[in-house]
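Okay, target_21.txt now, which holds compact mmCIF, C-alpha atoms (C1' of nucleotides):
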# COMPACT_ATOMS: atom_id res chain seq x y z
CA MET A 75 30.22 127.70 -30.46
CA THR A 76 32.59 125.22 -28.82
CA GLN A 77 32.58 124.59 -25.10
CA PRO A 78 35.44 126.97 -24.21
CA GLU A 79 33.98 129.61 -26.51
CA ARG A 80 30.64 129.27 -24.75
CA GLN A 81 32.39 129.57 -21.38
CA ILE A 82 34.23 132.72 -22.40
CA MET A 83 31.11 134.20 -23.94
CA ASP A 84 29.17 133.60 -20.75
CA PHE A 85 31.91 135.21 -18.69
CA ILE A 86 31.99 138.29 -20.91
CA GLU A 87 28.21 138.63 -20.88
CA LYS A 88 28.07 138.32 -17.13
CA HIS A 89 30.89 140.80 -16.64
CA ILE A 90 29.33 143.38 -18.91
CA GLN A 91 25.99 142.93 -17.22
CA THR A 92 27.31 143.26 -13.67
CA GLN A 93 30.24 145.69 -14.14
CA GLY A 94 28.93 147.62 -17.09
CA TYR A 95 32.11 147.30 -19.10
CA SER A 96 34.12 144.67 -20.91
CA PRO A 97 36.54 142.44 -18.99
CA SER A 98 40.22 142.34 -19.94
CA VAL A 99 41.77 139.26 -21.44
CA THR A 100 43.62 138.65 -18.20
CA GLU A 101 40.42 138.82 -16.18
CA ILE A 102 38.78 136.31 -18.48
CA MET A 103 41.85 134.08 -18.16
CA LEU A 104 41.69 134.14 -14.37
CA GLY A 105 37.92 133.82 -14.32
CA ILE A 106 37.90 130.76 -16.53
CA GLY A 107 41.03 129.19 -15.09
CA TYR A 108 43.49 129.44 -17.97
CA LYS A 109 47.14 130.23 -17.37
CA SER A 110 47.80 132.02 -20.64
CA ARG A 111 46.31 135.09 -22.19
CA GLY A 112 47.23 133.84 -25.64
CA SER A 113 44.74 131.02 -25.50
CA VAL A 114 41.94 133.28 -24.39
CA HIS A 115 42.82 135.74 -27.09
CA ARG A 116 42.58 133.04 -29.71
CA TYR A 117 39.05 132.13 -28.63
CA ILE A 118 38.04 135.77 -28.65
CA ASP A 119 39.37 136.04 -32.19
CA SER A 120 37.24 133.11 -33.17
CA LEU A 121 34.14 134.59 -31.58
CA VAL A 122 34.73 137.92 -33.30
CA ARG A 123 35.21 136.19 -36.63
CA LYS A 124 31.92 134.43 -36.16
CA GLY A 125 30.22 137.72 -35.40
CA LEU A 126 29.21 136.59 -31.93
CA LEU A 127 31.32 139.32 -30.35
CA LEU A 128 32.37 142.80 -31.39
CA ARG A 129 35.77 144.34 -30.73
CA GLU A 130 36.75 147.98 -30.79
CA SER A 131 40.31 147.58 -31.95
CA GLY A 132 42.93 149.75 -30.31
CA ARG A 133 40.87 150.21 -27.17
CA ASN A 134 41.36 148.41 -23.92
CA ARG A 135 38.37 146.48 -22.69
CA GLY A 136 36.79 147.07 -26.03
CA LEU A 137 34.59 144.00 -26.27
CA THR A 138 30.88 144.54 -26.83
CA LEU A 139 27.99 142.21 -27.43
CA PRO A 140 26.26 142.40 -30.81
CA GLU A 141 22.71 143.62 -30.63
CA LYS A 142 20.12 140.96 -31.11
CA PRO A 143 16.75 141.91 -32.52
CA LYS A 144 15.12 141.77 -29.16
CA ILE A 145 11.92 143.68 -28.92
CA PRO A 146 10.96 144.82 -25.46
CA LEU A 147 7.53 143.79 -24.29
CA LEU A 148 6.18 146.92 -22.68
CA GLY A 149 2.70 146.00 -21.62
CA ARG A 150 -0.86 145.54 -22.68
CA ILE A 151 -2.84 148.06 -24.60
CA ALA A 152 -6.58 148.24 -24.71
CA ALA A 153 -9.40 150.34 -25.99
CA GLY A 154 -9.69 153.34 -23.77
CA MET A 155 -7.41 151.98 -21.08
CA PRO A 156 -3.90 153.05 -20.17
CA ILE A 157 -0.97 150.80 -20.98
CA GLU A 158 -0.73 148.33 -18.19
CA ALA A 159 2.99 148.07 -17.68
CA ILE A 160 4.56 144.67 -17.37
CA PRO A 161 6.96 144.86 -14.42
CA GLU A 162 10.21 143.50 -15.83
CA SER A 163 10.92 144.71 -19.29
CA GLU A 164 10.71 141.31 -20.84
CA CYS A 165 12.31 140.95 -24.20
CA VAL A 166 10.98 138.79 -26.93
CA ASP A 167 13.58 137.33 -29.22
CA PHE A 168 11.65 136.82 -32.43
CA TYR A 169 14.72 135.38 -34.06
CA GLU A 170 14.68 132.64 -31.45
CA LYS A 171 10.94 132.11 -31.70
CA LEU A 172 11.06 131.77 -35.44
CA ASN A 173 14.08 129.52 -35.38
CA CYS A 174 11.91 126.50 -35.99
CA PRO A 175 13.33 124.08 -38.54
CA GLY A 176 11.33 123.56 -41.70
CA LEU A 177 9.17 126.62 -41.29
CA TYR A 178 8.01 128.17 -44.52
CA GLN A 179 5.97 131.17 -45.45
CA LEU A 180 2.86 131.59 -47.55
CA ILE A 181 1.02 134.73 -48.49
CA VAL A 182 -2.69 134.59 -47.88
CA SER A 183 -4.94 135.34 -50.79
CA GLY A 184 -8.60 135.87 -50.16
CA ASP A 185 -10.83 136.54 -47.22
CA SER A 186 -11.95 133.08 -46.25
CA MET A 187 -10.25 133.22 -42.85
CA ILE A 188 -11.19 136.79 -42.06
CA ASP A 189 -13.04 135.96 -38.86
CA ALA A 190 -9.90 134.30 -37.53
CA GLY A 191 -8.10 137.59 -38.05
CA ILE A 192 -6.23 136.33 -41.12
CA CYS A 193 -6.56 138.83 -43.93
CA ASP A 194 -5.77 139.04 -47.60
CA GLY A 195 -2.05 139.62 -48.04
CA ASP A 196 -0.98 138.43 -44.62
CA SER A 197 2.05 136.17 -44.25
CA VAL A 198 1.45 132.87 -42.57
CA LEU A 199 4.35 130.79 -41.32
CA ILE A 200 3.66 127.10 -41.65
CA GLN A 201 5.24 124.26 -39.75
CA PRO A 202 5.32 121.11 -41.88
CA ALA A 203 3.20 118.31 -40.44
CA GLN A 204 1.27 115.31 -41.64
CA SER A 205 -1.52 115.63 -39.12
CA ALA A 206 -3.05 118.22 -36.85
CA PRO A 207 -5.30 118.33 -33.81
CA ASN A 208 -8.97 119.11 -34.27
CA GLY A 209 -9.61 122.81 -34.57
CA ALA A 210 -6.13 123.70 -35.78
CA ILE A 211 -5.65 125.90 -38.81
CA VAL A 212 -3.81 123.93 -41.46
CA VAL A 213 -2.62 123.97 -45.02
CA ALA A 214 -4.63 121.14 -46.54
CA LEU A 215 -4.21 119.61 -49.95
CA ILE A 216 -7.55 118.47 -51.36
CA ASP A 217 -7.64 115.64 -53.91
CA GLY A 218 -3.94 116.21 -54.45
CA GLU A 219 -4.69 119.40 -56.32
CA ASN A 220 -5.85 122.33 -54.28
CA ALA A 221 -4.05 123.69 -51.27
CA THR A 222 -6.05 125.81 -48.90
CA LEU A 223 -5.78 127.35 -45.48
CA LYS A 224 -8.65 126.20 -43.29
CA ARG A 225 -9.60 125.06 -39.84
CA ILE A 226 -9.70 121.28 -39.73
CA TYR A 227 -11.95 118.89 -37.84
CA GLN A 228 -11.68 115.12 -38.11
CA ARG A 229 -14.53 113.12 -36.68
CA ASP A 230 -17.08 110.46 -37.50
CA GLY A 231 -14.82 109.20 -40.25
CA ARG A 232 -14.87 112.37 -42.25
CA VAL A 233 -12.87 115.54 -42.50
CA THR A 234 -14.37 118.98 -42.27
CA LEU A 235 -12.55 122.02 -43.57
CA LYS A 236 -14.11 125.13 -42.20
CA ALA A 237 -13.49 128.64 -43.41
CA GLU A 238 -13.78 131.45 -40.90
CA ASN A 239 -16.12 133.52 -42.96
CA PRO A 240 -19.93 133.19 -42.95
CA ALA A 241 -19.90 133.56 -46.75
CA TYR A 242 -18.19 130.17 -47.08
CA GLU A 243 -19.83 126.89 -46.16
CA PRO A 244 -17.86 124.15 -44.40
CA GLN A 245 -16.65 121.50 -46.80
CA TYR A 246 -16.80 117.79 -46.00
CA TYR A 247 -14.38 115.23 -47.38
CA ARG A 248 -13.40 111.61 -47.05
CA PRO A 249 -10.14 111.27 -45.08
CA GLU A 250 -8.24 110.03 -48.13
CA GLN A 251 -9.14 113.19 -50.04
CA VAL A 252 -7.45 115.53 -47.60
CA GLN A 253 -3.74 115.65 -46.92
CA VAL A 254 -2.43 117.93 -44.18
CA GLN A 255 0.71 119.69 -45.33
CA GLY A 256 1.40 121.88 -42.36
CA VAL A 257 0.03 123.63 -39.32
CA LEU A 258 -0.28 127.36 -38.89
CA PHE A 259 2.61 128.44 -36.68
CA CYS A 260 2.58 132.20 -36.80
CA LEU A 261 0.83 135.06 -38.50
CA ALA A 262 2.79 138.12 -39.48
CA ARG A 263 1.47 141.27 -41.05
CA PHE A 264 3.69 144.20 -41.95
CA TYR A 265 2.26 147.68 -42.14
CA ARG A 266 5.31 149.69 -43.12
CA MET B 6 20.19 105.90 -45.88
CA THR B 7 21.19 102.61 -44.29
CA GLN B 8 20.54 101.88 -40.64
CA PRO B 9 24.04 102.78 -39.35
CA GLU B 10 24.07 105.88 -41.52
CA ARG B 11 20.74 106.91 -40.05
CA GLN B 12 22.12 106.29 -36.55
CA ILE B 13 25.22 108.39 -37.18
CA MET B 14 23.19 111.13 -38.82
CA ASP B 15 20.90 111.30 -35.80
CA PHE B 16 23.86 111.47 -33.45
CA ILE B 17 25.43 114.31 -35.42
CA GLU B 18 22.17 116.25 -35.60
CA LYS B 19 21.56 115.85 -31.91
CA HIS B 20 25.11 116.88 -31.05
CA ILE B 21 24.97 119.97 -33.22
CA GLN B 22 21.61 120.91 -31.79
CA THR B 23 22.63 120.47 -28.16
CA GLN B 24 26.30 121.48 -28.28
CA GLY B 25 26.18 123.90 -31.15
CA TYR B 26 29.12 122.35 -32.96
CA SER B 27 30.06 119.19 -34.80
CA PRO B 28 31.15 116.08 -32.91
CA SER B 29 34.51 114.48 -33.64
CA VAL B 30 34.72 111.07 -35.25
CA THR B 31 35.87 109.63 -31.92
CA GLU B 32 32.87 111.08 -30.12
CA ILE B 33 30.52 109.59 -32.69
CA MET B 34 32.29 106.27 -32.31
CA LEU B 35 31.84 106.29 -28.54
CA GLY B 36 28.31 107.61 -28.78
CA ILE B 37 27.17 104.90 -31.19
CA GLY B 38 29.23 102.12 -29.66
CA TYR B 39 31.80 101.39 -32.35
CA LYS B 40 35.36 100.52 -31.42
CA SER B 41 37.01 101.99 -34.45
CA ARG B 42 37.11 105.45 -35.94
CA GLY B 43 37.72 104.00 -39.38
CA SER B 44 34.25 102.53 -39.64
CA VAL B 45 32.57 105.72 -38.59
CA HIS B 46 34.67 107.64 -41.05
CA ARG B 47 33.53 105.36 -43.85
CA TYR B 48 29.88 106.07 -43.10
CA ILE B 49 30.52 109.79 -42.90
CA ASP B 50 32.17 109.61 -46.32
CA SER B 51 29.07 107.94 -47.66
CA LEU B 52 26.76 110.56 -46.15
CA VAL B 53 28.88 113.38 -47.55
CA ARG B 54 28.86 111.78 -50.99
CA LYS B 55 25.08 111.63 -50.86
CA GLY B 56 24.92 115.30 -49.92
CA LEU B 57 23.20 114.57 -46.64
CA LEU B 58 26.11 116.01 -44.72
CA LEU B 59 28.62 118.73 -45.43
CA ARG B 60 32.28 118.59 -44.48
CA GLU B 61 34.68 121.48 -44.25
CA SER B 62 37.81 119.67 -45.29
CA GLY B 63 40.96 120.36 -43.32
CA ARG B 64 39.03 121.50 -40.28
CA ASN B 65 38.46 119.53 -37.16
CA ARG B 66 34.85 119.06 -36.17
CA GLY B 67 33.96 120.43 -39.55
CA LEU B 68 30.70 118.58 -40.14
CA THR B 69 27.67 120.71 -40.81
CA LEU B 70 24.12 119.95 -41.77
CA PRO B 71 23.03 121.16 -45.19
CA GLU B 72 21.80 124.67 -44.56
CA LYS B 73 18.13 125.10 -44.22
CA PRO B 74 16.87 128.37 -45.63
CA LYS B 75 15.63 130.98 -43.25
CA ILE B 76 11.96 131.02 -44.10
CA PRO B 77 11.31 130.27 -47.74
CA LEU B 78 8.44 132.12 -49.31
CA LEU B 79 6.71 129.35 -51.22
CA GLY B 80 3.74 131.04 -52.76
CA ARG B 81 0.23 132.22 -52.26
CA ILE B 82 -2.51 130.19 -50.76
CA ALA B 83 -6.17 130.80 -51.20
CA ALA B 84 -9.54 129.36 -50.51
CA GLY B 85 -10.12 126.54 -52.94
CA MET B 86 -7.16 127.40 -55.11
CA PRO B 87 -3.86 125.60 -55.49
CA ILE B 88 -0.71 127.13 -54.16
CA GLU B 89 0.53 129.49 -56.77
CA ALA B 90 4.23 128.92 -56.69
CA ILE B 91 6.52 131.90 -56.63
CA PRO B 92 9.24 131.17 -59.19
CA GLU B 93 12.40 131.73 -57.23
CA SER B 94 12.22 130.44 -53.74
CA GLU B 95 12.53 133.83 -52.18
CA CYS B 96 13.58 133.90 -48.59
CA VAL B 97 12.30 136.35 -46.09
CA ASP B 98 14.76 137.42 -43.50
CA PHE B 99 12.62 138.36 -40.54
CA TYR B 100 15.78 139.24 -38.67
CA GLU B 101 16.37 141.96 -41.20
CA LYS B 102 12.78 143.11 -41.33
CA LEU B 103 12.44 143.42 -37.57
CA ASN B 104 15.82 145.04 -37.12
CA CYS B 105 14.21 148.42 -36.79
CA PRO B 106 15.64 150.55 -33.98
CA GLY B 107 13.30 151.48 -31.17
CA LEU B 108 10.68 148.92 -31.99
CA TYR B 109 8.73 147.70 -29.01
CA GLN B 110 6.00 145.20 -28.45
CA LEU B 111 2.56 145.48 -26.90
CA ILE B 112 0.00 142.81 -26.31
CA VAL B 113 -3.46 143.69 -27.51
CA SER B 114 -6.25 143.51 -25.01
CA GLY B 115 -9.81 143.70 -26.25
CA ASP B 116 -11.62 143.47 -29.53
CA SER B 117 -11.83 147.06 -30.63
CA MET B 118 -9.65 146.48 -33.70
CA ILE B 119 -11.15 143.16 -34.67
CA ASP B 120 -12.25 144.28 -38.12
CA ALA B 121 -8.67 145.24 -38.89
CA GLY B 122 -7.67 141.66 -38.12
CA ILE B 123 -6.13 142.58 -34.78
CA CYS B 124 -7.42 140.25 -32.09
CA ASP B 125 -7.30 139.97 -28.33
CA GLY B 126 -3.90 138.61 -27.32
CA ASP B 127 -2.04 139.51 -30.49
CA SER B 128 1.38 141.09 -30.35
CA VAL B 129 1.76 144.42 -32.06
CA LEU B 130 5.18 145.84 -32.81
CA ILE B 131 5.21 149.59 -32.54
CA GLN B 132 7.60 152.02 -34.11
CA PRO B 133 7.98 155.12 -31.95
CA ALA B 134 6.73 158.26 -33.68
CA GLN B 135 5.27 161.65 -32.80
CA SER B 136 2.93 161.84 -35.74
CA ALA B 137 1.31 159.59 -38.27
CA PRO B 138 -0.38 159.87 -41.63
CA ASN B 139 -4.16 159.85 -41.80
CA GLY B 140 -5.58 156.36 -41.64
CA ALA B 141 -2.60 154.81 -39.90
CA ILE B 142 -3.08 152.63 -36.86
CA VAL B 143 -1.33 154.23 -33.92
CA VAL B 144 -0.76 154.03 -30.21
CA ALA B 145 -2.39 157.24 -29.01
CA LEU B 146 -2.24 158.73 -25.56
CA ILE B 147 -5.46 160.56 -24.72
CA ASP B 148 -5.40 163.42 -22.21
CA GLY B 149 -2.03 162.12 -21.05
CA GLU B 150 -3.72 159.22 -19.37
CA ASN B 151 -5.09 156.54 -21.59
CA ALA B 152 -3.13 154.75 -24.29
CA THR B 153 -5.08 153.01 -26.97
CA LEU B 154 -4.57 151.37 -30.33
CA LYS B 155 -6.74 153.04 -32.93
CA ARG B 156 -6.88 154.26 -36.47
CA ILE B 157 -6.19 157.99 -36.57
CA TYR B 158 -7.57 160.75 -38.78
CA GLN B 159 -6.60 164.38 -38.42
CA ARG B 160 -8.71 166.89 -40.29
CA ASP B 161 -10.79 170.02 -39.87
CA GLY B 162 -8.79 170.87 -36.77
CA ARG B 163 -9.84 167.84 -34.82
CA VAL B 164 -8.55 164.33 -34.30
CA THR B 165 -10.68 161.24 -34.82
CA LEU B 166 -9.72 157.94 -33.25
CA LYS B 167 -11.65 155.18 -34.91
CA ALA B 168 -11.96 151.64 -33.62
CA GLU B 169 -12.39 148.88 -36.18
CA ASN B 170 -15.43 147.39 -34.55
CA PRO B 171 -19.01 148.51 -35.17
CA ALA B 172 -19.68 148.23 -31.45
CA TYR B 173 -17.41 151.19 -30.80
CA GLU B 174 -18.18 154.72 -31.95
CA PRO B 175 -15.44 156.95 -33.33
CA GLN B 176 -14.12 159.36 -30.75
CA TYR B 177 -13.38 162.99 -31.51
CA TYR B 178 -10.73 165.04 -29.72
CA ARG B 179 -9.02 168.36 -29.86
CA PRO B 180 -5.49 168.00 -31.26
CA GLU B 181 -3.89 168.90 -27.93
CA GLN B 182 -5.71 166.03 -26.23
CA VAL B 183 -4.14 163.33 -28.39
CA GLN B 184 -0.49 162.45 -28.43
CA VAL B 185 0.78 159.87 -30.93
CA GLN B 186 3.26 157.53 -29.29
CA GLY B 187 3.96 155.18 -32.12
CA VAL B 188 2.79 153.69 -35.37
CA LEU B 189 1.79 150.08 -35.90
CA PHE B 190 4.70 148.40 -37.62
CA CYS B 191 3.91 144.73 -37.55
CA LEU B 192 1.37 142.32 -36.20
CA ALA B 193 2.49 138.93 -34.96
CA ARG B 194 0.34 136.14 -33.68
CA PHE B 195 1.75 132.83 -32.49
CA TYR B 196 -0.35 129.71 -32.63
CA ARG B 197 2.04 127.14 -31.22
C1' DC C 146 56.49 165.24 -20.09
C1' DT C 147 58.19 160.49 -18.11
C1' DT C 148 57.41 156.32 -15.74
C1' DG C 149 55.35 152.01 -14.80
C1' DC C 150 51.69 148.90 -15.08
C1' DC C 151 47.95 146.96 -17.58
C1' DT C 152 46.24 145.46 -21.93
C1' DG C 153 45.99 143.65 -26.60
C1' DT C 154 48.39 141.15 -29.78
C1' DT C 155 51.56 137.96 -31.97
C1' DC C 156 54.69 134.25 -31.92
C1' DT C 157 56.68 129.68 -30.79
C1' DC C 158 56.79 125.13 -28.52
C1' DG C 159 55.26 120.66 -27.02
C1' DA C 160 51.30 117.74 -26.09
C1' DT C 161 47.01 116.17 -27.49
C1' DT C 162 43.18 115.61 -30.52
C1' DT C 163 41.50 114.83 -35.00
C1' DG C 164 40.81 113.35 -39.89
C1' DT C 165 42.34 110.12 -42.84
C1' DT C 166 44.23 105.96 -44.84
C1' DC C 167 45.71 101.46 -44.56
C1' DT C 168 45.75 96.51 -43.37
C1' DA C 169 44.06 92.64 -40.82
C1' DT C 170 40.25 90.24 -38.85
C1' DA C 171 35.45 88.90 -38.24
C1' DT C 172 30.91 88.07 -40.11
C1' DA C 173 27.24 86.93 -43.38
C1' DG C 174 25.54 85.22 -47.64
C1' DT C 175 26.11 81.99 -51.39
C1' DA D 69 35.23 77.17 -49.19
C1' DC D 70 34.74 81.62 -51.44
C1' DT D 71 33.30 86.34 -51.82
C1' DA D 72 31.61 90.59 -50.28
C1' DT D 73 31.06 93.46 -46.62
C1' DA D 74 31.63 95.29 -41.90
C1' DT D 75 34.55 96.17 -38.12
C1' DA D 76 38.83 96.63 -35.53
C1' DG D 77 43.00 98.56 -34.95
C1' DA D 78 47.47 100.70 -36.29
C1' DA D 79 49.76 104.50 -38.27
C1' DC D 80 50.55 109.16 -39.90
C1' DA D 81 49.97 114.02 -40.99
C1' DA D 82 47.48 117.99 -39.97
C1' DA D 83 44.84 120.71 -36.89
C1' DT D 84 44.04 122.28 -32.34
C1' DC D 85 45.12 123.33 -27.72
C1' DG D 86 47.26 125.39 -23.64
C1' DA D 87 51.41 127.55 -21.90
C1' DG D 88 54.61 130.87 -22.06
C1' DA D 89 57.61 134.64 -24.00
C1' DA D 90 57.96 138.95 -26.20
C1' DC D 91 56.56 143.47 -27.79
C1' DA D 92 53.88 147.70 -28.73
C1' DG D 93 50.20 150.72 -27.46
C1' DG D 94 46.86 152.47 -23.88
C1' DC D 95 46.31 154.64 -19.65
C1' DA D 96 46.86 156.86 -15.28
C1' DA D 97 49.93 158.55 -11.52
C1' DG D 98 53.65 161.30 -10.55

Could you take the file, read its structure, and then write that structure out as structure tokens?
Amino acid sequence: MTQPERQIMDFIEKHIQTQGYSPSVTEIMLGIGYKSRGSVHRYIDSLVRKGLLLRESGRNRGLTLPEKPKIPLLGRIAAGMPIEAIPESECVDFYEKLNCPGLYQLIVSGDSMIDAGICDGDSVLIQPAQSAPNGAIVVALIDGENATLKRIYQRDGRVTLKAENPAYEPQYYRPEQVQVQGVLFCLARFYR
Amino acid sequence: MTQPERQIMDFIEKHIQTQGYSPSVTEIMLGIGYKSRGSVHRYIDSLVRKGLLLRESGRNRGLTLPEKPKIPLLGRIAAGMPIEAIPESECVDFYEKLNCPGLYQLIVSGDSMIDAGICDGDSVLIQPAQSAPNGAIVVALIDGENATLKRIYQRDGRVTLKAENPAYEPQYYRPEQVQVQGVLFCLARFYR
DNA sequence: CTTGCCTGTTCTCGATTTGTTCTATATAGT
DNA sequence: ACTATATAGAACAAATCGAGAACAGGCAAG
């Protein structure tokens, strides 16, 4: 989005939010400070072509904003307690949150992280990294062969990879044996 | 990538990230400190030839960064096993997956669903519904007062709400006491 | 209905910006 | 001094921009 496009977009968003309906091209022109409707119209065309704006053709004031996958955050839910409403209906833009360059997805196989709430079949989103803070959950490559999802601790000159499952013992390695490939960024599990 | 190429690449990346669109050759020139557009243009040519930069010919400000995939699905990861690559680098479009009308988000409070891998502080995305199949995890309103996240079973004329935590006993209700508000659609947990 | 204004849309024009190519100059390495 | 390379700067065509004119359809008042 170029600078004038951004300016026009902001104006439209603000107008729709405050007035409840789309501004006219002339109103945008005056609001932004242009002296010609043609110019404004050209920018609107561009925005519509990019899908950043929707237009109901043949209607006056027919501009609408495309729906973003915003998911309203309603409150907290607990065992046996009512939903504690969160005052302003915050919206979480998952698209924004996940717009993290380099992110990739792996599907978890096995139960070794079950006590961390990571189950067989879950999707984990990994942010590429060469190192990680102690206690982080990472994708670690061991001896250049085996990649595994574990909690990592680096101290006393050795690396510990700890599963979150009492059935698995922590594994100890020399630092040169373990290569961090990425850090756990997000867990996603779909039920339907 | 030579040093000036690296410098120009960084400038372009930064500009696209902050402004949302490509810089012009003149802007790069000023930003880096050159006094000629020709030189900058030569480096851009080189970057395009190497595939490190894309150019929409015939358009002004038509430089784009090679597209990074949404979130590539790389494979499965397991305890002590190598990543089992998935042949085609499938891409998961979370935008698409979450574009489910009516979806709303709740933050989980408490440990009553811990054995289902749902932890304190997790986000659950709920799809509004009036009923749910046996065994589904639902948001249930009890006696019109208390909302809770539980696994639901309806049989023998009574409703069982079962926590996934041995510390909590299943609770039995008459059907008219329990109102399903929604079905668990997705679990999301952010680590960073 | 008709009328008149607002609105959306399309077009042209001149000025400016931009991508591109070219040549000349400066610099570094041999 | 010679060559290779990097930079500066000029020049040109195309794209873009803002202004303004013109026209048809929407919309509400009479």

Tell me, as a PDB file with C-alpha atoms, keeping the file's coordinate frame, which residues lie within 7 Å of Leu215 in chain A, counting all atoms listed in the file; anything in the same chain fewer than 3 positions away does not count.
ATOM      1  CA  GLY A 218      -3.940 116.210 -54.450  1.00  0.00           C
ATOM      2  CA  GLU A 219      -4.690 119.400 -56.320  1.00  0.00           C
ATOM      3  CA  ASN A 220      -5.850 122.330 -54.280  1.00  0.00           C
ATOM      4  CA  ALA A 221      -4.050 123.690 -51.270  1.00  0.00           C
ATOM      5  CA  THR A 222      -6.050 125.810 -48.900  1.00  0.00           C
ATOM      6  CA  VAL A 252      -7.450 115.530 -47.600  1.00  0.00           C
ATOM      7  CA  GLN A 253      -3.740 115.650 -46.920  1.00  0.00           C
ATOM      8  CA  VAL A 254      -2.430 117.930 -44.180  1.00  0.00           C
ATOM      9  CA  GLN A 255       0.710 119.690 -45.330  1.00  0.00           C
TER      10      GLN A 255
END

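Within 12 Å of the point (37.1, 92.5, -40.1), counting all atoms listed in the file, the protein and nucleic acid residues come to Lys40, Ser41, Gly43 and Ser44 of chain B; DT168, DA169, DT170, DA171, DT172 and DA173 of chain C; DA72, DT73, DA74, DT75, DA76 and DG77 of chain D.
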
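With CA of Lys19 in chain B on one side and CA of Glu141 in chain A on the other, the separation reads 27.8 Å.
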
Problem - CA of Asp120 in chain B to CA of Ala190 in chain A, straight-line distance in Å - result: 10.3 Å

Exercise for the section: May I have the residues within 12 Å of Glu32 in chain B as a VMD selection string, using all atoms listed in the file and disregarding those fewer than 2 positions away in the same chain? Expected result: (chain B and resid 13 16 to 17 20 27 to 30 34 to 42 45 to 46 66) or (chain C and resid 162 to 163)

Saved selection, atoms kept: C-alpha atoms (C1' of nucleotides), as a PDB file, keeping the file's coordinate frame:
ATOM      1  CA  ILE B  13      25.220 108.390 -37.180  1.00  0.00           C
ATOM      2  CA  PHE B  16      23.860 111.470 -33.450  1.00  0.00           C
ATOM      3  CA  ILE B  17      25.430 114.310 -35.420  1.00  0.00           C
ATOM      4  CA  HIS B  20      25.110 116.880 -31.050  1.00  0.00           C
ATOM      5  CA  SER B  27      30.060 119.190 -34.800  1.00  0.00           C
ATOM      6  CA  PRO B  28      31.150 116.080 -32.910  1.00  0.00           C
ATOM      7  CA  SER B  29      34.510 114.480 -33.640  1.00  0.00           C
ATOM      8  CA  VAL B  30      34.720 111.070 -35.250  1.00  0.00           C
ATOM      9  CA  MET B  34      32.290 106.270 -32.310  1.00  0.00           C
ATOM     10  CA  LEU B  35      31.840 106.290 -28.540  1.00  0.00           C
ATOM     11  CA  GLY B  36      28.310 107.610 -28.780  1.00  0.00           C
ATOM     12  CA  ILE B  37      27.170 104.900 -31.190  1.00  0.00           C
ATOM     13  CA  GLY B  38      29.230 102.120 -29.660  1.00  0.00           C
ATOM     14  CA  TYR B  39      31.800 101.390 -32.350  1.00  0.00           C
ATOM     15  CA  LYS B  40      35.360 100.520 -31.420  1.00  0.00           C
ATOM     16  CA  SER B  41      37.010 101.990 -34.450  1.00  0.00           C
ATOM     17  CA  ARG B  42      37.110 105.450 -35.940  1.00  0.00           C
ATOM     18  CA  VAL B  45      32.570 105.720 -38.590  1.00  0.00           C
ATOM     19  CA  HIS B  46      34.670 107.640 -41.050  1.00  0.00           C
ATOM     20  CA  ARG B  66      34.850 119.060 -36.170  1.00  0.00           C
TER      21      ARG B  66
ATOM     22  C1'  DT C 162      43.180 115.610 -30.520  1.00  0.00           C
ATOM     23  C1'  DT C 163      41.500 114.830 -35.000  1.00  0.00           C
TER      24       DT C 163
END

Exercise for the section: Name all residues at most 12 Å from DT157 in chain C (count all atoms listed in the file; drop same-chain ones fewer than 2 positions away) and give them as number ranges by chain. Expected result: A: 112; C: 155, 159; D: 87-90

Problem - Residue with smallest distance to chain A - pool D:DG86, D:DT71, D:DA81, D:DA96, counting all atoms listed in the file - result: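 Looking at the shortest contact to chain A, the residue is D:DG86.
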
Exercise for the section: Work out how far apart CA of Arg194 in chain B and CA of Thr23 in chain B are and give it in Å to one decimal. Expected result: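 So the answer is 27.8 Å.
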
Exercise for the section: Using all atoms listed in the file, pick whichever of A:Ser205, A:Phe168, A:Lys236, A:Tyr265 has the shortest atom-to-atom distance to Pro249 in chain A. Expected result: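 Residue with the minimum atom-to-atom distance to Pro249 in chain A: A:Ser205.
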
Practice task
Anything within 7 Å of (38.9, 115.2, -45.6): list those residues as a list in words, counting all atoms listed in the file and sticking to the file's coordinates.
Solution key: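 Protein, DNA and RNA residues close to (38.9, 115.2, -45.6): Ser62 and Gly63 of chain B; DG164 and DT165 of chain C.
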
Exercise for the section: Rank B:Pro171, B:Asn139, B:Gly107, B:Arg64 by their smallest atom-to-atom distance to chain D, using all atoms listed in the file, and report the top residue only. Expected result: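 Between B:Pro171, B:Asn139, B:Gly107, B:Arg64, the residue approaching chain D most closely is B:Arg64.
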
Practice task
Tell me which protein, DNA and RNA residues are within 7 Å of Val164 in chain B, counting only C-alpha atoms (C1' of nucleotides), leaving out same-chain ones fewer than 4 positions away, and put them as a PyMOL selection string.
Solution key: chain B and resi 158-160+177-180

Fill in the blank from the handout: Min atom-atom distance to chain B from the set C:DT161, C:DT175, C:DT166, C:DT147, counting only C-alpha atoms (C1' of nucleotides), belongs to C:DT166
